[in-house]
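One structure below.
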Amino acid sequence: MGEVGVSVEAMDQEGVAMIAVTSTVLKGGEGKYFVSSAARGPLETVVYTNIPNIGMVAGFQRLYEGAATLDEDIVVLMHDDLEILEDGWADRIRSAMGEHTAIVGFGGAMGLGVEDIYKVPYRLEQLQRIDYYSNQIGWEIHGKQETGEREVAVVDGFLMAVRVEFLNQIGGWKRFPHNFHMYDIWLCLMARQLGWKVKMVGVECDHHGGGTSTSAEYLDYCREHGTTPEREHLEPHVTVYNEFRDLLPLRIG
Amino acid sequence: MARFDLTRPVPILLLSDGPDQKTGLGRICHDLARLLSTMPEFKVGVLGRNSMGRTNYPWTNYSFGVQDGWGQSHLLQAWSDLSRGQRGIVLTVWDATRLVWFTHPETSGLPDRDQRFLGEERGFERWGYFMQDCDGIVPHRLPQESQCVMAAYDRVLTASRWAWEIVRNSLAPAVDLDWMPHGINLATFQPRDRMAIRSAWGIGEDETLIGCCMANQDRKHWATVMEAVASMSGRPRLWIKTDRLLHYWNLQALAIEYGLVDRIVLDDRDLTDADLAWRYSACDATVMVSGGEGFCYPVAESLACGVPAVSGAYGAQTDLTLWTFPVSGWKIETIHNVRRAYYDPLNVGKLLEVVVREQRQANKAAECRGLVEHLGWERLAYPWKRWIRKGLQ
């Protein structure tokens, strides 16, 4: 991952200001899915490129701080490989973002953490998601289909619309000391800990995901920053495991 | 209707061995009473068998003597004093076999007043933390007596996943059943200098030292331990921690007949947890040969000190350790009709030799410690409190 390109979208409709951003994690990725997804907004686009690469979470942090400066209410963070296939998706997010909701995603799980977590020695798999719902292409591979909306324990980070008021409460990701993994889980659990709700809306979309964490760019990033892909994967899980003992295992409904 | 009046602290009375007793149950009772005392939702009392009490207990301490059985003649008085008529919880920390009178007072021969208190006028929920250490005549199911007792509880908690499966197979699905391990003090039980105690005992660095802490119950198979150690090559040393030399066993006679008299270091007195930690740390491995265990502190403590604990494949300790030898036979012990395991000493000795050799090649302290790190009370308090609070909803 030699470069990170970041596109910034801004809109102001019905009194709720939203800013949509995407993080392009692969060199040469031009955000083509983002452009087509934004067209279903439609949204005005501001693009800036994140060079030198400061990492995904750091990039999100910068975008949140930008959104806060612009006095936006909601910041929408999405992966550059997410293709939104449904018109009016921003309205659905806005509608789902009720008064007590901090995060809305397009895919979410009803639970996090196995029943015996903390009763047996730690294993990474204990932090698995339980009953995942989405309306993404191939939803049956990941879990169950949801075309409406529902409260969930955590959302998948491929799209997270986050209330800026909540991010202001926690300072964004300043306290999350990792770069690529578990930032979505950590954010959702922080919201839950502070009494906010987390929701998903079943917007039709295609997450062309996979491969990023084994890409040459990712490996380059690790080398340049004195870390390894294994460490980048393992350590955030330990952080979440240790930080949320009072919440896990978490179940909704 | 709410289960309890949550506008006031809910009275909860632990019924168990005295929290100042050295028994495993006494230690568990102590730790749970202390944990509950940190929760503002509760007003905590302990009715402890043979308890003297301490000025620093943050709970109300009641006691009865061993001559008074299991507290059946004292529970009414203690509960009335603690609860003042408020609905609450009696949490028993005992084997189910001791509690038939508690769940089925009509069979107890207690005075009518006590029977009504335990029966139709019962003003408390029955919660039980059970160190279930066996199945019964039907494999993987509880003995009938224990099943009968547990079925009458409002909440059942076992001390191991191993026992949870047995109980799950035996009770109706609607029963509120879960499992939770005990906590241990990982600050005290941690790897210490291996040579410190060896130096005091005159045991060289290259000598093999096997440790064995077993006391109190006839299900501890000292003869198997002695024969296993005698069968090992290199004539290892054996550290013994027990309560009495002559009990369900005759340790002196066993040592003589197995030719181990000059190999044994014996502690038959009370030791502090720190004393134990230094001794565990001196060992190359520890061994537990028991017909069945409900949790097994010696295994957990040995692992916490970084020393592999070798044990039989039957019992709650299999939740903790990686090193187990197979069961070679069974026996049903009456009067409670419990299934007990027996083991071949040669299998025990062979596994000990393998583990000692591996330990010498690559120290397993970190691996052992990792098996029990979740048992530190500062960590285990989270799932414990979650289980307790769930019962108030």
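Each chain in the structure tokens gets a letter, A, B and so on, in the order shown; residues start at 1 in every chain, and ligands are counted from 1 in the order they appear.
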Next on the checklist: I need the residues of segment 38-171 of chain A that end up classed as helix (DSSP H, G or I) by DSSP on the backbone, written out as a ChimeraX atom specification.
Outcome noted: /A:38-39,56-69,89-96,124-127,139-142,164-170
Please, could you write that set of residues out with N, CA and C atoms as a short mmCIF file (atom, residue, chain, number, x, y, z; two decimals), in the first residue's frame?
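Contents of the output file result.cif:
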```cif
data_model
loop_
_atom_site.label_atom_id
_atom_site.label_comp_id
_atom_site.auth_asym_id
_atom_site.auth_seq_id
_atom_site.Cartn_x
_atom_site.Cartn_y
_atom_site.Cartn_z
N ALA A 38 -21.58 7.25 -5.37
CA ALA A 38 -21.94 8.63 -5.05
C ALA A 38 -22.99 9.15 -6.02
N ALA A 39 -22.90 8.66 -7.25
CA ALA A 39 -23.86 9.12 -8.25
C ALA A 39 -25.28 8.74 -7.88
N MET A 56 -4.86 3.36 7.31
CA MET A 56 -6.31 3.47 7.13
C MET A 56 -6.99 4.17 8.30
N VAL A 57 -6.69 3.72 9.51
CA VAL A 57 -7.34 4.31 10.68
C VAL A 57 -6.92 5.77 10.83
N ALA A 58 -5.64 6.03 10.59
CA ALA A 58 -5.18 7.43 10.67
C ALA A 58 -5.87 8.27 9.60
N GLY A 59 -6.08 7.65 8.43
CA GLY A 59 -6.80 8.36 7.37
C GLY A 59 -8.22 8.67 7.78
N PHE A 60 -8.90 7.69 8.39
CA PHE A 60 -10.25 7.92 8.90
C PHE A 60 -10.26 9.05 9.93
N GLN A 61 -9.24 9.04 10.76
CA GLN A 61 -9.16 10.07 11.80
C GLN A 61 -9.08 11.47 11.16
N ARG A 62 -8.25 11.55 10.14
CA ARG A 62 -8.09 12.85 9.49
C ARG A 62 -9.40 13.29 8.85
N LEU A 63 -10.09 12.34 8.25
CA LEU A 63 -11.36 12.67 7.60
C LEU A 63 -12.42 13.08 8.62
N TYR A 64 -12.43 12.38 9.75
CA TYR A 64 -13.38 12.77 10.81
C TYR A 64 -13.07 14.18 11.29
N GLU A 65 -11.80 14.46 11.48
CA GLU A 65 -11.44 15.79 11.97
C GLU A 65 -11.83 16.85 10.95
N GLY A 66 -11.69 16.47 9.66
CA GLY A 66 -12.14 17.39 8.61
C GLY A 66 -13.63 17.61 8.67
N ALA A 67 -14.36 16.53 8.87
CA ALA A 67 -15.82 16.63 8.95
C ALA A 67 -16.23 17.48 10.13
N ALA A 68 -15.54 17.30 11.24
CA ALA A 68 -15.88 18.07 12.43
C ALA A 68 -15.63 19.56 12.17
N THR A 69 -14.54 19.84 11.45
CA THR A 69 -14.22 21.23 11.13
C THR A 69 -15.29 21.84 10.25
N TRP A 89 -29.52 5.79 -0.96
CA TRP A 89 -28.95 5.13 0.22
C TRP A 89 -28.64 6.11 1.34
N ALA A 90 -28.27 7.34 0.94
CA ALA A 90 -27.95 8.32 1.98
C ALA A 90 -29.19 8.66 2.80
N ASP A 91 -30.33 8.68 2.13
CA ASP A 91 -31.58 8.95 2.86
C ASP A 91 -31.89 7.83 3.84
N ARG A 92 -31.60 6.63 3.45
CA ARG A 92 -31.86 5.49 4.35
C ARG A 92 -30.95 5.58 5.59
N ILE A 93 -29.75 6.00 5.36
CA ILE A 93 -28.85 6.18 6.51
C ILE A 93 -29.40 7.26 7.44
N ARG A 94 -29.79 8.34 6.82
CA ARG A 94 -30.28 9.47 7.62
C ARG A 94 -31.52 9.06 8.41
N SER A 95 -32.37 8.29 7.77
CA SER A 95 -33.58 7.84 8.42
C SER A 95 -33.28 6.89 9.59
N ALA A 96 -32.30 6.03 9.39
CA ALA A 96 -31.96 5.06 10.45
C ALA A 96 -31.22 5.71 11.61
N LEU A 124 -8.23 -15.95 19.42
CA LEU A 124 -8.72 -14.88 18.56
C LEU A 124 -10.15 -15.14 18.08
N GLU A 125 -10.46 -16.40 17.78
CA GLU A 125 -11.78 -16.74 17.24
C GLU A 125 -12.92 -16.43 18.22
N GLN A 126 -12.59 -16.24 19.48
CA GLN A 126 -13.65 -15.94 20.45
C GLN A 126 -14.34 -14.62 20.14
N LEU A 127 -13.69 -13.77 19.33
CA LEU A 127 -14.28 -12.47 19.02
C LEU A 127 -15.10 -12.52 17.74
N TRP A 139 -25.14 -12.27 0.15
CA TRP A 139 -25.39 -12.18 1.60
C TRP A 139 -25.43 -13.55 2.25
N GLU A 140 -25.87 -14.56 1.47
CA GLU A 140 -26.02 -15.90 2.06
C GLU A 140 -24.66 -16.51 2.42
N ILE A 141 -23.60 -16.01 1.81
CA ILE A 141 -22.26 -16.51 2.16
C ILE A 141 -21.87 -15.99 3.54
N HIS A 142 -22.33 -14.78 3.84
CA HIS A 142 -21.91 -14.13 5.09
C HIS A 142 -22.89 -14.35 6.24
N VAL A 164 -20.99 12.48 14.22
CA VAL A 164 -19.80 13.24 14.59
C VAL A 164 -19.82 13.59 16.08
N GLU A 165 -21.00 13.80 16.63
CA GLU A 165 -21.13 14.08 18.06
C GLU A 165 -20.50 12.95 18.89
N PHE A 166 -20.75 11.72 18.46
CA PHE A 166 -20.16 10.56 19.15
C PHE A 166 -18.65 10.53 18.97
N LEU A 167 -18.20 10.76 17.75
CA LEU A 167 -16.75 10.76 17.52
C LEU A 167 -16.07 11.86 18.35
N ASN A 168 -16.76 12.99 18.49
CA ASN A 168 -16.21 14.05 19.33
C ASN A 168 -16.07 13.59 20.79
N GLN A 169 -17.04 12.78 21.23
CA GLN A 169 -17.00 12.28 22.61
C GLN A 169 -15.74 11.47 22.88
N ILE A 170 -15.35 10.68 21.89
CA ILE A 170 -14.23 9.76 22.12
C ILE A 170 -12.95 10.21 21.43
#
```
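Every chain B residue lying within 8 Å of chain A, based on only C-alpha atoms, is listed here: Met180, Pro181, Gly370, Leu371, Val372, Glu373, His374, Leu375, Arg379, Leu380, Tyr382 and Pro383 of chain B.
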Checklist entry - From the set A:Met190, A:Gly55, A:Met97, A:Lys197, which residue has the shortest atom-to-atom contact distance to Asp220 of chain A, counting only C-alpha atoms? => result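 Smallest separation from Asp220 of chain A among the options: A:Gly55.
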Item to check | Those in segment 114-181 of chain A with strand (DSSP E) from DSSP, as an NGL selection string | outcome: :A and (129-134 or 144-145 or 149-151 or 154-155 or 159-163)
Next on the checklist: Which residues are close to segment 221-228 of chain B, i.e. within 6 Å by only C-alpha atoms, leaving aside same-chain residues fewer than 2 positions away? Reply as a PyMOL selection string.
Outcome noted: chain B and resi 230-231+289-290+345-346+348-349
Checklist entry - In Å, how far is it from atom CA of Gly85 of chain B to atom CA of Gly123 of chain B? => result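 Straight-line distance from atom CA of Gly85 of chain B to atom CA of Gly123 of chain B works out to 7.6 Å.
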Next on the checklist: Env of Phe325 of chain B: 12 Å cut, atoms = only C-alpha atoms, seq-sep filter 6 positions within chain, self excluded. Answer as a PyMOL selection string.
Outcome noted: chain B and resi 228+287-290+309-315+318+341-352+354-355
Next on the checklist: Env of Trp201 of chain B: 12 Å cut, atoms = only C-alpha atoms, seq-sep filter 6 positions within chain, self excluded. Answer as a list in words.
Outcome noted: Arg194, Met195, Glu207, Leu209, Arg237, Leu238, Trp239, Arg263, Ile264, Val265, Leu266, Asp267, Arg279, Ala282 and Cys283 of chain B
What does the file look like for those residues with N, CA and C atoms, as a PDB file, in the first residue's frame?
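What landed in again.pdb:
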```
ATOM      1  N   ARG B 194      13.337 -21.574  40.374  1.00  0.00           N
ATOM      2  CA  ARG B 194      13.240 -23.040  40.484  1.00  0.00           C
ATOM      3  C   ARG B 194      14.185 -23.587  41.545  1.00  0.00           C
ATOM      4  N   MET B 195      15.318 -22.928  41.735  1.00  0.00           N
ATOM      5  CA  MET B 195      16.343 -23.481  42.617  1.00  0.00           C
ATOM      6  C   MET B 195      16.190 -23.056  44.072  1.00  0.00           C
ATOM      7  N   GLU B 207      18.255 -33.052  38.969  1.00  0.00           N
ATOM      8  CA  GLU B 207      17.367 -34.103  39.483  1.00  0.00           C
ATOM      9  C   GLU B 207      15.925 -33.813  39.077  1.00  0.00           C
ATOM     10  N   LEU B 209      12.091 -33.647  39.903  1.00  0.00           N
ATOM     11  CA  LEU B 209      11.223 -33.488  41.071  1.00  0.00           C
ATOM     12  C   LEU B 209       9.773 -33.438  40.604  1.00  0.00           C
ATOM     13  N   ARG B 237      12.615 -37.493  42.574  1.00  0.00           N
ATOM     14  CA  ARG B 237      12.165 -37.070  43.901  1.00  0.00           C
ATOM     15  C   ARG B 237      10.670 -36.790  43.843  1.00  0.00           C
ATOM     16  N   LEU B 238      10.009 -36.894  44.977  1.00  0.00           N
ATOM     17  CA  LEU B 238       8.566 -36.642  45.048  1.00  0.00           C
ATOM     18  C   LEU B 238       8.281 -35.698  46.205  1.00  0.00           C
ATOM     19  N   TRP B 239       7.755 -34.540  45.871  1.00  0.00           N
ATOM     20  CA  TRP B 239       7.280 -33.620  46.918  1.00  0.00           C
ATOM     21  C   TRP B 239       5.801 -33.918  47.169  1.00  0.00           C
ATOM     22  N   ARG B 263      13.283 -40.727  48.788  1.00  0.00           N
ATOM     23  CA  ARG B 263      13.025 -39.845  47.640  1.00  0.00           C
ATOM     24  C   ARG B 263      11.997 -38.761  47.964  1.00  0.00           C
ATOM     25  N   ILE B 264      11.327 -38.891  49.083  1.00  0.00           N
ATOM     26  CA  ILE B 264      10.158 -38.042  49.354  1.00  0.00           C
ATOM     27  C   ILE B 264      10.513 -36.836  50.215  1.00  0.00           C
ATOM     28  N   VAL B 265       9.990 -35.685  49.827  1.00  0.00           N
ATOM     29  CA  VAL B 265       9.976 -34.497  50.684  1.00  0.00           C
ATOM     30  C   VAL B 265       8.526 -34.273  51.076  1.00  0.00           C
ATOM     31  N   LEU B 266       8.279 -34.186  52.381  1.00  0.00           N
ATOM     32  CA  LEU B 266       6.895 -34.218  52.850  1.00  0.00           C
ATOM     33  C   LEU B 266       6.498 -32.908  53.529  1.00  0.00           C
ATOM     34  N   ASP B 267       5.351 -32.384  53.126  1.00  0.00           N
ATOM     35  CA  ASP B 267       4.699 -31.282  53.851  1.00  0.00           C
ATOM     36  C   ASP B 267       3.322 -31.774  54.272  1.00  0.00           C
ATOM     37  N   ARG B 279       7.108 -23.971  46.048  1.00  0.00           N
ATOM     38  CA  ARG B 279       7.274 -25.428  45.927  1.00  0.00           C
ATOM     39  C   ARG B 279       6.852 -25.922  44.546  1.00  0.00           C
ATOM     40  N   ALA B 282       9.487 -25.308  42.006  1.00  0.00           N
ATOM     41  CA  ALA B 282      10.684 -26.148  42.077  1.00  0.00           C
ATOM     42  C   ALA B 282      10.520 -27.449  41.296  1.00  0.00           C
ATOM     43  N   CYS B 283       9.276 -27.792  40.967  1.00  0.00           N
ATOM     44  CA  CYS B 283       9.004 -29.096  40.347  1.00  0.00           C
ATOM     45  C   CYS B 283       9.218 -29.058  38.836  1.00  0.00           C
TER      46      CYS B 283
END
```
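If only C-alpha atoms are the atoms counted, then among B:Pro236, B:Gly119, B:Gly202, B:Pro173 the closest residue to Asp284 of chain B is B:Pro236.
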Checklist entry - Leu234 of chain A: which residues within 12 Å, counting only C-alpha atoms, same-chain residues fewer than 6 positions away excluded, as number ranges by chain? => result A: 122-125, 127, 178-182, 227-228, 240-241
Output file for the residues above (C-alpha atoms, as an mmCIF file, in the first residue's frame):
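Output below, filename out-v8.cif:
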```cif
data_model
loop_
_atom_site.group_PDB
_atom_site.id
_atom_site.type_symbol
_atom_site.label_atom_id
_atom_site.label_comp_id
_atom_site.auth_asym_id
_atom_site.auth_seq_id
_atom_site.Cartn_x
_atom_site.Cartn_y
_atom_site.Cartn_z
ATOM 1 C CA TYR A 122 -7.958 -16.413 25.027
ATOM 2 C CA ARG A 123 -8.224 -17.340 21.374
ATOM 3 C CA LEU A 124 -8.716 -14.881 18.562
ATOM 4 C CA GLU A 125 -11.778 -16.738 17.239
ATOM 5 C CA LEU A 127 -14.276 -12.471 19.021
ATOM 6 C CA HIS A 178 -3.815 -0.028 15.405
ATOM 7 C CA ASN A 179 -3.892 0.539 11.687
ATOM 8 C CA PHE A 180 -6.108 -1.810 9.709
ATOM 9 C CA HIS A 181 -8.173 -4.289 11.686
ATOM 10 C CA MET A 182 -10.939 -4.215 14.297
ATOM 11 C CA THR A 227 5.419 -4.150 11.748
ATOM 12 C CA THR A 228 4.143 -7.375 10.195
ATOM 13 C CA VAL A 240 -10.705 -5.371 21.921
ATOM 14 C CA TYR A 241 -10.623 -8.519 24.089
#
```
Item to check | Pro9 of chain B surroundings by only C-alpha atoms, 7 Å radius, close-in-sequence under 3 positions cut, as a ChimeraX atom specification | outcome: /B:6,40-43
Checklist entry - What does the distance from atom CA of Glu230 of chain A to atom CA of Ala216 of chain A come to in Å, to one decimal? => result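 It comes out at 14.6 Å.
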